[in-house]
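Below: data_11.cif (mmCIF, C-alpha atoms and all ligand atoms)
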```
data_entry
#
loop_
_atom_site.label_atom_id
_atom_site.label_comp_id
_atom_site.auth_asym_id
_atom_site.auth_seq_id
_atom_site.Cartn_x
_atom_site.Cartn_y
_atom_site.Cartn_z
CA MET A 115 -18.89 18.14 -9.54
CA PRO A 116 -16.60 15.04 -9.42
CA TYR A 117 -18.44 11.75 -10.15
CA ARG A 118 -17.88 10.32 -6.62
CA VAL A 119 -19.32 13.43 -4.94
CA MET A 120 -22.23 13.40 -7.38
CA LYS A 121 -22.97 9.74 -6.59
CA GLU A 122 -22.81 10.43 -2.84
CA SER A 123 -25.14 13.40 -3.21
CA LEU A 124 -27.54 11.27 -5.26
CA ASN A 125 -27.53 8.60 -2.55
CA ALA A 126 -28.11 11.28 0.10
CA VAL A 127 -31.05 12.61 -1.94
CA ILE A 128 -32.73 9.24 -2.39
CA ASP A 129 -32.10 8.35 1.27
CA SER A 130 -33.84 11.54 2.34
CA LEU A 131 -37.03 10.62 0.43
CA SER A 132 -39.95 9.79 2.67
CA ASP A 133 -41.03 7.04 0.24
CA GLY A 134 -39.20 3.80 -0.39
CA ILE A 135 -37.62 3.32 -3.82
CA LEU A 136 -36.29 0.09 -5.32
CA VAL A 137 -34.75 -0.20 -8.79
CA THR A 138 -33.92 -3.42 -10.65
CA ASP A 139 -32.23 -4.14 -13.97
CA GLU A 140 -34.05 -5.97 -16.76
CA LEU A 141 -33.11 -9.36 -15.24
CA GLY A 142 -34.68 -8.48 -11.91
CA ARG A 143 -31.37 -7.85 -10.09
CA VAL A 144 -31.53 -5.10 -7.48
CA ILE A 145 -29.42 -2.11 -8.49
CA LEU A 146 -30.55 0.65 -6.15
CA TYR A 147 -32.71 1.21 -3.07
CA ASN A 148 -32.96 3.75 -0.30
CA GLN A 149 -33.08 3.56 3.50
CA LYS A 150 -36.87 3.82 3.59
CA ALA A 151 -37.16 0.77 1.28
CA GLU A 152 -34.69 -1.06 3.52
CA ALA A 153 -36.89 -0.36 6.52
CA LEU A 154 -40.19 -1.16 4.80
CA LEU A 155 -39.00 -4.36 3.12
CA GLY A 156 -36.75 -5.56 5.92
CA ILE A 157 -33.56 -5.62 3.84
CA THR A 158 -30.36 -5.34 5.88
CA GLY A 159 -27.81 -2.79 4.74
CA LYS A 160 -26.76 -2.95 1.12
CA ALA A 161 -26.77 -6.78 1.06
CA ALA A 162 -29.31 -7.02 -1.75
CA LEU A 163 -27.35 -4.99 -4.31
CA GLY A 164 -26.68 -7.01 -7.46
CA GLN A 165 -28.81 -9.94 -6.19
CA PRO A 166 -32.06 -11.29 -7.70
CA VAL A 167 -34.97 -9.41 -6.17
CA GLN A 168 -36.64 -12.62 -4.86
CA ASP A 169 -33.55 -13.50 -2.76
CA HIS A 170 -33.98 -10.51 -0.46
CA ILE A 171 -37.61 -9.48 -0.67
CA LYS A 172 -39.83 -11.88 1.15
CA ASN A 173 -43.13 -10.54 -0.15
CA ASP A 174 -44.20 -12.89 -2.98
CA VAL A 175 -46.84 -10.54 -4.32
CA LEU A 176 -44.37 -7.67 -4.72
CA VAL A 177 -41.78 -9.96 -6.33
CA GLY A 178 -44.50 -11.32 -8.64
CA LEU A 179 -45.53 -7.83 -9.77
CA ILE A 180 -41.94 -6.75 -10.44
CA THR A 181 -41.34 -9.98 -12.42
CA LYS A 182 -44.54 -9.36 -14.36
CA ILE A 183 -43.50 -5.83 -15.33
CA LEU A 184 -40.15 -7.23 -16.53
CA THR A 185 -41.49 -10.24 -18.42
CA LEU A 186 -44.71 -9.06 -20.02
CA ASN A 187 -44.29 -6.74 -22.92
CA MET A 188 -46.40 -3.99 -21.42
CA PRO A 189 -47.30 -0.73 -23.11
CA TYR A 190 -44.87 2.15 -22.72
CA HIS A 191 -46.58 3.85 -19.79
CA ALA A 192 -47.70 0.67 -18.02
CA GLU A 193 -47.89 0.85 -14.26
CA GLU A 194 -48.88 -1.59 -11.56
CA VAL A 195 -50.49 0.08 -8.56
CA CYS A 196 -51.72 -1.81 -5.56
CA LEU A 197 -52.25 -1.66 -1.84
CA MET A 198 -50.20 -4.12 0.12
CA ASP A 199 -49.78 -4.96 3.80
CA ILE A 200 -46.18 -5.66 4.73
CA GLY A 201 -45.85 -6.46 8.43
CA ASN A 202 -48.02 -3.88 10.18
CA THR A 203 -47.60 -1.31 7.45
CA ARG A 204 -50.11 -0.62 4.70
CA LEU A 205 -48.31 0.46 1.54
CA ARG A 206 -49.42 1.89 -1.77
CA VAL A 207 -47.01 0.37 -4.28
CA HIS A 208 -46.34 1.74 -7.79
CA ILE A 209 -44.23 -0.36 -10.15
CA ASN A 210 -43.20 0.97 -13.56
CA PRO A 211 -41.02 -0.43 -16.33
CA VAL A 212 -37.91 1.65 -17.13
CA ARG A 213 -37.07 2.04 -20.82
CA ASP A 214 -34.09 3.62 -22.55
CA ALA A 215 -34.33 6.30 -25.24
CA ASN A 216 -35.04 3.59 -27.86
CA GLY A 217 -37.92 2.15 -25.85
CA LEU A 218 -35.92 -0.94 -24.82
CA LEU A 219 -36.82 -2.33 -21.39
CA ILE A 220 -33.85 -1.82 -19.05
CA GLY A 221 -35.40 -2.45 -15.64
CA SER A 222 -38.12 -1.57 -13.18
CA VAL A 223 -38.68 1.05 -10.53
CA THR A 224 -40.87 0.49 -7.49
CA LEU A 225 -42.16 3.23 -5.19
CA LEU A 226 -43.45 2.33 -1.72
CA HIS A 227 -45.66 4.84 0.03
CA ASP A 228 -46.79 4.31 3.61
CA VAL A 229 -50.53 5.03 3.70
CA ALA A 230 -51.38 3.95 7.25
CA GLN A 231 -52.60 7.42 8.25
CA LEU A 232 -54.45 8.05 4.99
CA SER A 233 -56.07 4.64 5.31
CA ALA A 234 -57.49 5.56 8.71
CA ILE A 235 -59.09 8.76 7.33
CA ASP A 236 -60.25 6.88 4.22
CA LYS A 237 -61.87 4.27 6.42
CA ILE A 238 -63.92 6.89 8.28
CA LYS A 239 -65.04 8.36 4.93
CA SER A 240 -65.84 5.01 3.42
CA ASP A 241 -67.74 3.83 6.55
CA PHE A 242 -69.85 6.97 6.37
CA LEU A 243 -70.52 6.55 2.64
CA SER A 244 -71.35 2.91 3.10
CA MET A 245 -73.76 3.68 5.96
CA VAL A 246 -75.58 6.41 3.99
CA SER A 247 -75.84 4.20 0.90
CA HIS A 248 -77.23 1.29 2.91
CA GLN A 249 -79.86 3.59 4.42
CA LEU A 250 -80.85 4.85 0.96
CA LYS A 251 -80.96 1.47 -0.71
CA SER A 252 -84.19 0.07 0.71
CA PRO A 253 -86.41 3.20 0.42
CA LEU A 254 -85.17 3.58 -3.16
CA SER A 255 -86.01 0.01 -4.10
CA SER A 256 -89.48 0.24 -2.59
CA THR A 257 -90.15 3.56 -4.38
CA LEU A 258 -89.01 1.94 -7.63
CA LEU A 259 -91.35 -0.96 -7.05
CA GLN A 260 -94.28 1.33 -6.22
CA THR A 261 -93.67 3.41 -9.34
CA SER A 262 -93.71 0.24 -11.44
CA ILE A 263 -97.03 -0.77 -9.84
CA LEU A 264 -98.51 2.63 -10.75
CA LEU A 265 -97.12 2.43 -14.29
CA GLU A 266 -98.55 -1.01 -14.85
CA GLU A 267 -101.96 0.45 -13.90
CA MET A 268 -102.47 -2.15 -11.20
CA VAL A 269 -104.14 0.44 -8.99
CA GLY A 270 -106.03 2.46 -11.59
CA GLY A 271 -105.73 3.89 -15.09
CA LEU A 272 -103.33 6.67 -16.08
CA ASN A 273 -103.68 9.40 -18.64
CA GLU A 274 -100.81 10.12 -21.03
CA LYS A 275 -99.42 13.04 -19.04
CA GLN A 276 -99.41 11.01 -15.79
CA ARG A 277 -97.74 8.07 -17.52
CA ASP A 278 -95.08 10.33 -18.99
CA LEU A 279 -94.32 11.91 -15.60
CA LEU A 280 -94.17 8.53 -13.88
CA GLN A 281 -91.78 7.21 -16.56
CA LYS A 282 -89.47 10.16 -15.84
CA ILE A 283 -89.70 9.57 -12.07
CA LYS A 284 -88.94 5.88 -12.58
CA SER A 285 -85.87 6.55 -14.68
CA LYS A 286 -84.51 9.05 -12.10
CA ILE A 287 -85.05 6.55 -9.27
CA LYS A 288 -83.35 3.86 -11.37
CA GLY A 289 -80.37 6.23 -11.81
CA MET A 290 -80.19 6.81 -8.04
CA THR A 291 -80.44 3.06 -7.34
CA ASP A 292 -77.56 2.39 -9.77
CA LEU A 293 -75.47 5.09 -8.07
CA VAL A 294 -76.13 3.69 -4.59
CA ASN A 295 -75.25 0.16 -5.79
CA ASP A 296 -72.03 1.47 -7.40
CA ILE A 297 -71.07 3.27 -4.16
CA LEU A 298 -71.68 0.09 -2.18
CA ASP A 299 -69.46 -1.83 -4.63
CA VAL A 300 -66.71 0.82 -4.30
CA CYS A 301 -66.91 0.55 -0.49
CA MET A 302 -66.72 -3.23 -0.73
CA VAL A 303 -63.57 -3.01 -2.88
CA GLU A 304 -61.96 -0.30 -0.73
CA GLU A 305 -62.60 -2.10 2.52
CA GLY A 306 -61.09 -5.21 0.96
CA ARG A 307 -64.16 -7.14 2.13
CA HIS A 308 -64.29 -9.10 -1.12
CA ILE A 309 -60.75 -10.40 -0.81
CA LYS A 310 -61.63 -12.00 2.50
CA GLN A 311 -63.99 -14.45 0.75
CA ILE A 312 -61.75 -16.13 -1.78
CA GLU A 313 -62.64 -19.36 -3.54
CA SER A 314 -61.70 -21.31 -6.66
CA LEU A 315 -63.60 -19.76 -9.51
CA ASN A 316 -64.56 -20.93 -12.95
CA LEU A 317 -64.59 -17.66 -14.86
CA SER A 318 -66.52 -19.13 -17.82
CA GLU A 319 -69.47 -19.83 -15.52
CA ILE A 320 -69.34 -16.37 -14.00
CA LEU A 321 -69.10 -14.79 -17.45
CA GLN A 322 -72.06 -16.84 -18.65
CA ARG A 323 -74.17 -15.63 -15.72
CA SER A 324 -73.10 -12.02 -16.21
CA ILE A 325 -74.09 -12.23 -19.89
CA GLU A 326 -77.55 -13.52 -18.91
CA LEU A 327 -77.98 -10.58 -16.54
CA ILE A 328 -76.90 -8.01 -19.09
CA GLN A 329 -78.52 -9.46 -22.23
CA PRO A 330 -81.76 -7.41 -21.80
CA GLN A 331 -79.71 -4.18 -21.74
CA ALA A 332 -78.06 -5.21 -25.04
CA GLN A 333 -81.36 -6.23 -26.62
CA ASP A 334 -83.02 -2.93 -25.66
CA LYS A 335 -80.29 -1.13 -27.57
CA ASN A 336 -80.08 -3.62 -30.45
CA ILE A 337 -76.46 -4.48 -29.71
CA ALA A 338 -75.15 -7.96 -30.47
CA LEU A 339 -73.17 -9.64 -27.70
CA GLN A 340 -70.64 -12.09 -29.09
CA VAL A 341 -68.93 -14.46 -26.68
CA THR A 342 -65.86 -16.59 -27.40
CA MET A 343 -64.71 -18.93 -24.64
CA GLU A 344 -62.22 -21.76 -24.57
CA ASP A 345 -63.77 -25.08 -23.49
CA ARG A 346 -61.80 -25.43 -20.30
CA THR A 347 -60.31 -22.36 -18.73
CA PRO A 348 -58.21 -22.99 -15.61
CA LEU A 349 -59.57 -21.88 -12.25
CA ILE A 350 -58.52 -18.66 -10.59
CA SER A 351 -58.58 -17.79 -6.89
CA GLY A 352 -60.96 -14.95 -6.39
CA ASN A 353 -64.16 -13.51 -5.13
CA LYS A 354 -67.26 -14.41 -7.08
CA SER A 355 -69.38 -11.29 -6.68
CA SER A 356 -66.52 -8.94 -7.46
CA MET A 357 -65.63 -10.91 -10.62
CA GLU A 358 -69.26 -10.62 -11.67
CA ALA A 359 -69.14 -6.85 -10.98
CA MET A 360 -66.01 -6.65 -13.16
CA PHE A 361 -67.68 -8.40 -16.13
CA ILE A 362 -70.92 -6.47 -15.79
CA ASN A 363 -69.22 -3.08 -15.62
CA LEU A 364 -66.99 -3.75 -18.63
CA ILE A 365 -69.78 -5.21 -20.76
CA SER A 366 -72.31 -2.56 -19.78
CA ASN A 367 -69.82 0.16 -20.70
CA GLY A 368 -69.41 -1.53 -24.09
CA ILE A 369 -73.18 -1.45 -24.58
CA LYS A 370 -73.57 2.07 -23.23
CA PHE A 371 -70.87 3.65 -25.38
CA THR A 372 -71.81 1.87 -28.63
CA HIS A 373 -74.48 3.07 -31.05
CA PRO A 374 -77.51 0.83 -31.69
CA GLY A 375 -76.73 -1.87 -34.25
CA GLY A 376 -73.15 -2.21 -32.98
CA GLN A 377 -71.42 -5.15 -31.36
CA VAL A 378 -69.73 -6.01 -28.07
CA SER A 379 -67.40 -9.02 -28.14
CA ILE A 380 -66.25 -10.80 -25.03
CA GLY A 381 -63.38 -13.27 -25.12
CA LEU A 382 -62.01 -15.53 -22.39
CA LYS A 383 -58.85 -17.56 -22.94
CA LYS A 384 -55.71 -18.81 -21.25
CA ASP A 385 -52.55 -16.87 -22.00
CA ALA A 386 -49.34 -18.18 -20.36
CA GLN A 387 -50.01 -18.19 -16.59
CA TYR A 388 -52.90 -15.77 -16.93
CA ILE A 389 -56.54 -15.87 -17.91
CA GLN A 390 -57.17 -13.16 -20.44
CA VAL A 391 -60.52 -11.43 -20.54
CA GLU A 392 -61.12 -9.15 -23.49
CA VAL A 393 -64.16 -6.91 -23.86
CA SER A 394 -64.24 -4.94 -27.10
CA ASP A 395 -66.89 -2.81 -28.69
CA THR A 396 -67.54 -1.02 -31.95
CA GLY A 397 -68.50 2.14 -30.09
CA ILE A 398 -67.58 5.80 -29.83
CA GLY A 399 -64.05 5.17 -28.51
CA ILE A 400 -62.10 7.17 -25.90
CA GLU A 401 -59.84 10.12 -26.63
CA ASP A 402 -56.17 9.68 -25.68
CA LYS A 403 -56.26 12.48 -23.11
CA GLU A 404 -59.22 10.85 -21.35
CA ILE A 405 -57.64 7.41 -21.04
CA LEU A 406 -55.38 8.52 -18.17
CA HIS A 407 -58.42 9.38 -16.03
CA ILE A 408 -61.11 6.82 -16.81
CA PHE A 409 -60.18 4.55 -13.88
CA ASP A 410 -60.53 7.42 -11.38
CA LYS A 411 -63.55 7.49 -9.09
CA PHE A 412 -66.45 9.60 -10.44
CA TYR A 413 -64.56 10.45 -13.66
CA ARG A 414 -66.69 10.69 -16.80
CA GLU A 415 -65.82 12.21 -20.15
CA ARG A 416 -67.73 15.49 -20.47
CA SER A 417 -68.23 16.23 -24.13
CA ASP A 418 -70.89 16.40 -26.81
CA ARG A 419 -70.16 12.75 -27.57
CA THR A 420 -71.20 11.56 -24.12
CA LYS A 421 -73.59 14.16 -22.75
CA TYR A 422 -76.71 12.02 -23.28
CA ILE A 423 -75.17 8.87 -21.77
CA SER A 424 -75.82 8.57 -18.06
CA GLY A 425 -73.63 7.07 -15.33
CA SER A 426 -71.80 7.90 -12.13
CA GLY A 427 -68.22 7.33 -13.27
CA LEU A 428 -67.66 4.61 -10.67
CA GLY A 429 -67.78 1.49 -12.87
CA LEU A 430 -64.16 1.42 -13.99
CA SER A 431 -62.81 2.34 -10.55
CA ILE A 432 -64.64 -0.74 -9.25
CA VAL A 433 -63.16 -2.83 -12.08
CA LYS A 434 -59.64 -1.53 -11.35
CA GLY A 435 -60.06 -2.20 -7.60
CA VAL A 436 -61.21 -5.75 -8.30
CA VAL A 437 -58.39 -6.45 -10.77
CA ASP A 438 -55.75 -5.05 -8.38
CA ALA A 439 -57.08 -7.10 -5.48
CA HIS A 440 -56.73 -10.24 -7.63
CA HIS A 441 -53.14 -9.29 -8.57
CA GLY A 442 -54.14 -8.83 -12.19
CA SER A 443 -53.64 -6.05 -14.72
CA ILE A 444 -55.95 -4.09 -16.99
CA TYR A 445 -55.18 -2.27 -20.26
CA VAL A 446 -57.25 -0.25 -22.65
CA GLU A 447 -56.83 0.41 -26.34
CA SER A 448 -59.21 2.72 -28.10
CA GLU A 449 -59.77 4.61 -31.30
CA VAL A 450 -62.29 7.42 -31.45
CA GLY A 451 -65.21 6.47 -33.69
CA LYS A 452 -64.00 2.88 -34.07
CA GLY A 453 -64.23 1.24 -30.67
CA THR A 454 -62.55 0.26 -27.45
CA THR A 455 -60.95 -2.90 -26.08
CA PHE A 456 -60.35 -3.56 -22.39
CA THR A 457 -57.99 -6.45 -21.62
CA VAL A 458 -57.74 -7.97 -18.15
CA LEU A 459 -55.06 -10.48 -17.15
CA LEU A 460 -55.72 -12.54 -14.02
CA PRO A 461 -53.19 -15.03 -12.65
CA VAL A 462 -54.37 -18.67 -12.76
CA GLU A 463 -54.61 -20.58 -9.51
N1 LIG A 501 -66.30 1.04 -23.73
C1 LIG A 501 -66.16 2.36 -23.63
N2 LIG A 501 -66.23 3.15 -24.73
C2 LIG A 501 -66.08 4.50 -24.64
N3 LIG A 501 -65.87 5.16 -23.49
C3 LIG A 501 -65.79 4.44 -22.36
C4 LIG A 501 -65.93 3.02 -22.37
N4 LIG A 501 -65.79 2.58 -21.09
C5 LIG A 501 -65.58 3.68 -20.34
N5 LIG A 501 -65.58 4.79 -21.09
C6 LIG A 501 -65.34 6.19 -20.62
O1 LIG A 501 -64.82 6.12 -19.30
C7 LIG A 501 -65.68 6.82 -18.39
C8 LIG A 501 -65.68 6.12 -17.04
O2 LIG A 501 -66.31 4.83 -17.13
P1 LIG A 501 -67.07 4.26 -15.88
O3 LIG A 501 -67.57 2.90 -16.19
O4 LIG A 501 -66.17 4.41 -14.69
O5 LIG A 501 -68.27 5.28 -15.65
P2 LIG A 501 -69.69 5.36 -16.34
O6 LIG A 501 -69.95 4.18 -17.21
O7 LIG A 501 -69.79 6.70 -16.96
O8 LIG A 501 -70.64 5.30 -15.06
P3 LIG A 501 -71.05 3.99 -14.21
O9 LIG A 501 -70.22 2.84 -14.68
O10 LIG A 501 -70.72 4.35 -12.80
O11 LIG A 501 -72.48 3.82 -14.46
C9 LIG A 501 -67.03 6.84 -19.07
O12 LIG A 501 -67.85 7.90 -18.62
C10 LIG A 501 -66.62 7.00 -20.55
O13 LIG A 501 -66.32 8.35 -20.83
MG MG A 502 -69.60 2.24 -16.50
#
```

Just give me the structure of the file as structure tokens.
Amino acid sequence: MPYRVMKESLNAVIDSLSDGILVTDELGRVILYNQKAEALLGITGKAALGQPVQDHIKNDVLVGLITKILTLNMPYHAEEVCLMDIGNTRLRVHINPVRDANGLLIGSVTLLHDVAQLSAIDKIKSDFLSMVSHQLKSPLSSTLLQTSILLEEMVGGLNEKQRDLLQKIKSKIKGMTDLVNDILDVCMVEEGRHIKQIESLNLSEILQRSIELIQPQAQDKNIALQVTMEDRTPLISGNKSSMEAMFINLISNGIKFTHPGGQVSIGLKKDAQYIQVEVSDTGIGIEDKEILHIFDKFYRERSDRTKYISGSGLGLSIVKGVVDAHHGSIYVESEVGKGTTFTVLLPVE
């Protein structure tokens, strides 16, 4: 096929895609986009070709994410995924770096998927889930309280068998309470409720509080928590309770997936225009094939290594939702048997 015909066919193919596509070179100049991207981003005709992406795309968040992919030296398969409202349209946006055969960064590719219809169905599902969880929350907490009263023998003595059974009941109820709380957190992230209450946050303070909350869990398992914080970290714009949920989920995973006697280290420092949060443990590690899935809702590794560790598989999907909503990024590095490090980058205010 002659080159010109091939190029025309290629353009016809990308124009017939139902998703928007936008490609830039390594300097952030637009080199290709289709009609759907034109419509979604409000670009007129082919005017943006060869121009810096920020000159034609008026959405600062999208421009910021593309610039980030091009400027940060991200791992090979890095991807930014977020939900974004442009005009009246809700879009799921995927941004990936493009590398040549030698691994050299040569540009970025952005996919824009209109999720308005899906969002409506999702909202019905998430409203239902949120309603059921709310209804379950209070009977569960009162049952937990009543079981504790029985166990503490405040209403009469217990024999060994009764105590043992009550301990088992208590731990099951605790598991259900954790699940219900996780579901409520997922709903909060999905509904975007947390991004409606944004304030200036001092992450060191929030981290300090999260450590206090989680310290008993670490002590019970004889795991040392080591915290390294710079004296003055700049403020970030964010939501307080979701930042706390992010810290608690990452640190509690570190504790959960590390053998007694191990260590979980938490670091907070400024790195260029980001605050970097690092949570690393000396635990069981994550196999390569699992890493792709760990941020999915309800995903848990099912193997001999993890079968006695309980959880609902929602923690990291909450963390990812929180990080995305704050326009940050999260990476994981892990070695089986050695440990795992999660790194979160959050833009400073
Ligand atoms: N620090 C870690 N070390 C080893 N594996 C981990 C670590 N963090 C997460 N994982 C793996 O990723 C999976 C998903 O983590 P996630 O926090 O979403 O769920 P969970 O901890 O199993 O349950 P939940 O957080 O809802 O109580 C875990 O089940 C585990 O297999
Ligand atoms: Mg977890």

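You can rank A:Ile432, A:Ile209, A:Val437, A:Ile283 by their closest distance to ligand MG 502 (chain A) using all atoms listed in the file, and at the top of that list sits A:Ile432.
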
Residues within 7 Å of ligand LIG 501 (chain A) (only C-alpha atoms and all ligand atoms), as an mmCIF file with C-alpha atoms, keeping the file's coordinate frame?
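So selection_32.cif came out as:
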```cif
data_model
loop_
_atom_site.group_PDB
_atom_site.id
_atom_site.type_symbol
_atom_site.label_atom_id
_atom_site.label_comp_id
_atom_site.auth_asym_id
_atom_site.auth_seq_id
_atom_site.Cartn_x
_atom_site.Cartn_y
_atom_site.Cartn_z
ATOM 1 C CA LEU A 293 -75.470 5.090 -8.070
ATOM 2 C CA ASP A 296 -72.030 1.470 -7.400
ATOM 3 C CA ASN A 363 -69.220 -3.080 -15.620
ATOM 4 C CA LEU A 364 -66.990 -3.750 -18.630
ATOM 5 C CA ASN A 367 -69.820 0.160 -20.700
ATOM 6 C CA GLY A 368 -69.410 -1.530 -24.090
ATOM 7 C CA PHE A 371 -70.870 3.650 -25.380
ATOM 8 C CA THR A 372 -71.810 1.870 -28.630
ATOM 9 C CA ASP A 395 -66.890 -2.810 -28.690
ATOM 10 C CA GLY A 397 -68.500 2.140 -30.090
ATOM 11 C CA ILE A 398 -67.580 5.800 -29.830
ATOM 12 C CA GLY A 399 -64.050 5.170 -28.510
ATOM 13 C CA ILE A 400 -62.100 7.170 -25.900
ATOM 14 C CA ILE A 408 -61.110 6.820 -16.810
ATOM 15 C CA PHE A 409 -60.180 4.550 -13.880
ATOM 16 C CA LYS A 411 -63.550 7.490 -9.090
ATOM 17 C CA PHE A 412 -66.450 9.600 -10.440
ATOM 18 C CA TYR A 413 -64.560 10.450 -13.660
ATOM 19 C CA ARG A 414 -66.690 10.690 -16.800
ATOM 20 C CA GLU A 415 -65.820 12.210 -20.150
ATOM 21 C CA THR A 420 -71.200 11.560 -24.120
ATOM 22 C CA SER A 424 -75.820 8.570 -18.060
ATOM 23 C CA GLY A 425 -73.630 7.070 -15.330
ATOM 24 C CA SER A 426 -71.800 7.900 -12.130
ATOM 25 C CA GLY A 427 -68.220 7.330 -13.270
ATOM 26 C CA LEU A 428 -67.660 4.610 -10.670
ATOM 27 C CA GLY A 429 -67.780 1.490 -12.870
ATOM 28 C CA LEU A 430 -64.160 1.420 -13.990
ATOM 29 C CA SER A 431 -62.810 2.340 -10.550
ATOM 30 C CA GLY A 453 -64.230 1.240 -30.670
ATOM 31 C CA THR A 454 -62.550 0.260 -27.450
#
```

All residues 12 Å or closer to Cys301 (chain A), all atoms listed in the file, same chain fewer than 3 positions away omitted, as a PyMOL selection string: chain A and resi 236-248+294-298+304-308+356+411+428+431-432+435-436

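Comparing the minimum interatomic distances between ligand MG 502 (chain A) and each of A:Lys383, A:His440, A:Lys282, A:Lys370, counting all atoms listed in the file, we find that A:Lys370 sits nearest.
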
Separation of CA of Val341 (chain A) from CA of Glu463 (chain A) in Å: 23.2 Å

Distance in Å - CA of Lys284 (chain A) versus CA of Thr257 (chain A): 8.6 Å

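Using all atoms listed in the file, the protein and nucleic acid residues lying no more than 10 Å from region 264-270 of chain A, apart from those fewer than 3 places from it along its own chain, are Leu259, Gln260, Thr261, Gln276, Arg277, Asp278, Leu279, Leu280, Gln281 and Lys284 of chain A.
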
Nearest residue to ligand MG 502 (chain A) from the set A:Glu140, A:Glu319, A:Asp292, A:Glu401 (distances using all atoms listed in the file): A:Asp292

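Taking all atoms listed in the file into account, ligand MG 502 (chain A) lies nearest to A:Ala359 out of the set A:Ala151, A:Ile287, A:Val212, A:Ala359.
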
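If you look at CA of Lys275 (chain A) and CA of Ile423 (chain A), they are 24.8 Å away from each other.
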
Exercise: residues within 9 Å of coordinate (-36.4, -13.0, -8.3), counting all atoms listed in the file, as an NGL selection string: :A and (141-143 or 165-171 or 177-178 or 180-181)

Nearest residue to Thr347 (chain A) from the set A:Pro461, A:Ile263, A:Arg419, A:Met290 (distances using only C-alpha atoms):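 Looking at the shortest contact to Thr347 (chain A), the residue is A:Pro461.
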
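The shortest atom-to-atom distance to Ile362 (chain A), with all atoms listed in the file taken into account, belongs to A:Gln322 out of A:Thr138, A:Ser448, A:Gln390, A:Gln322.
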
Will you model N, CA and C atoms for region 368-382 of chain A and pass it back as a PDB file, keeping the file's coordinate frame?
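Saved file selection_31.pdb follows:
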```
ATOM      1  N   GLY A 368     -69.443  -1.245 -22.645  1.00  0.00           N
ATOM      2  CA  GLY A 368     -69.410  -1.530 -24.090  1.00  0.00           C
ATOM      3  C   GLY A 368     -70.766  -1.225 -24.712  1.00  0.00           C
ATOM      4  N   ILE A 369     -71.824  -1.667 -24.042  1.00  0.00           N
ATOM      5  CA  ILE A 369     -73.180  -1.450 -24.580  1.00  0.00           C
ATOM      6  C   ILE A 369     -73.527   0.039 -24.566  1.00  0.00           C
ATOM      7  N   LYS A 370     -73.200   0.674 -23.423  1.00  0.00           N
ATOM      8  CA  LYS A 370     -73.570   2.070 -23.230  1.00  0.00           C
ATOM      9  C   LYS A 370     -72.898   3.004 -24.239  1.00  0.00           C
ATOM     10  N   PHE A 371     -71.624   2.722 -24.540  1.00  0.00           N
ATOM     11  CA  PHE A 371     -70.870   3.650 -25.380  1.00  0.00           C
ATOM     12  C   PHE A 371     -70.792   3.185 -26.844  1.00  0.00           C
ATOM     13  N   THR A 372     -71.751   2.333 -27.232  1.00  0.00           N
ATOM     14  CA  THR A 372     -71.810   1.870 -28.630  1.00  0.00           C
ATOM     15  C   THR A 372     -73.181   2.227 -29.198  1.00  0.00           C
ATOM     16  N   HIS A 373     -73.203   2.680 -30.441  1.00  0.00           N
ATOM     17  CA  HIS A 373     -74.480   3.070 -31.050  1.00  0.00           C
ATOM     18  C   HIS A 373     -75.313   1.822 -31.353  1.00  0.00           C
ATOM     19  N   PRO A 374     -76.653   1.972 -31.370  1.00  0.00           N
ATOM     20  CA  PRO A 374     -77.510   0.830 -31.690  1.00  0.00           C
ATOM     21  C   PRO A 374     -77.061   0.184 -33.012  1.00  0.00           C
ATOM     22  N   GLY A 375     -77.155  -1.151 -33.044  1.00  0.00           N
ATOM     23  CA  GLY A 375     -76.730  -1.870 -34.250  1.00  0.00           C
ATOM     24  C   GLY A 375     -75.270  -2.318 -34.157  1.00  0.00           C
ATOM     25  N   GLY A 376     -74.562  -1.846 -33.133  1.00  0.00           N
ATOM     26  CA  GLY A 376     -73.150  -2.210 -32.980  1.00  0.00           C
ATOM     27  C   GLY A 376     -72.955  -3.562 -32.304  1.00  0.00           C
ATOM     28  N   GLN A 377     -71.722  -3.835 -31.928  1.00  0.00           N
ATOM     29  CA  GLN A 377     -71.420  -5.150 -31.360  1.00  0.00           C
ATOM     30  C   GLN A 377     -70.461  -5.048 -30.173  1.00  0.00           C
ATOM     31  N   VAL A 378     -70.685  -5.902 -29.183  1.00  0.00           N
ATOM     32  CA  VAL A 378     -69.730  -6.010 -28.070  1.00  0.00           C
ATOM     33  C   VAL A 378     -69.246  -7.455 -28.041  1.00  0.00           C
ATOM     34  N   SER A 379     -67.929  -7.655 -28.137  1.00  0.00           N
ATOM     35  CA  SER A 379     -67.400  -9.020 -28.140  1.00  0.00           C
ATOM     36  C   SER A 379     -66.660  -9.277 -26.842  1.00  0.00           C
ATOM     37  N   ILE A 380     -66.897 -10.449 -26.293  1.00  0.00           N
ATOM     38  CA  ILE A 380     -66.250 -10.800 -25.030  1.00  0.00           C
ATOM     39  C   ILE A 380     -65.472 -12.092 -25.247  1.00  0.00           C
ATOM     40  N   GLY A 381     -64.204 -12.082 -24.912  1.00  0.00           N
ATOM     41  CA  GLY A 381     -63.380 -13.270 -25.120  1.00  0.00           C
ATOM     42  C   GLY A 381     -62.750 -13.690 -23.800  1.00  0.00           C
ATOM     43  N   LEU A 382     -62.633 -15.011 -23.613  1.00  0.00           N
ATOM     44  CA  LEU A 382     -62.010 -15.530 -22.390  1.00  0.00           C
ATOM     45  C   LEU A 382     -61.069 -16.633 -22.831  1.00  0.00           C
TER      46      LEU A 382
END
```
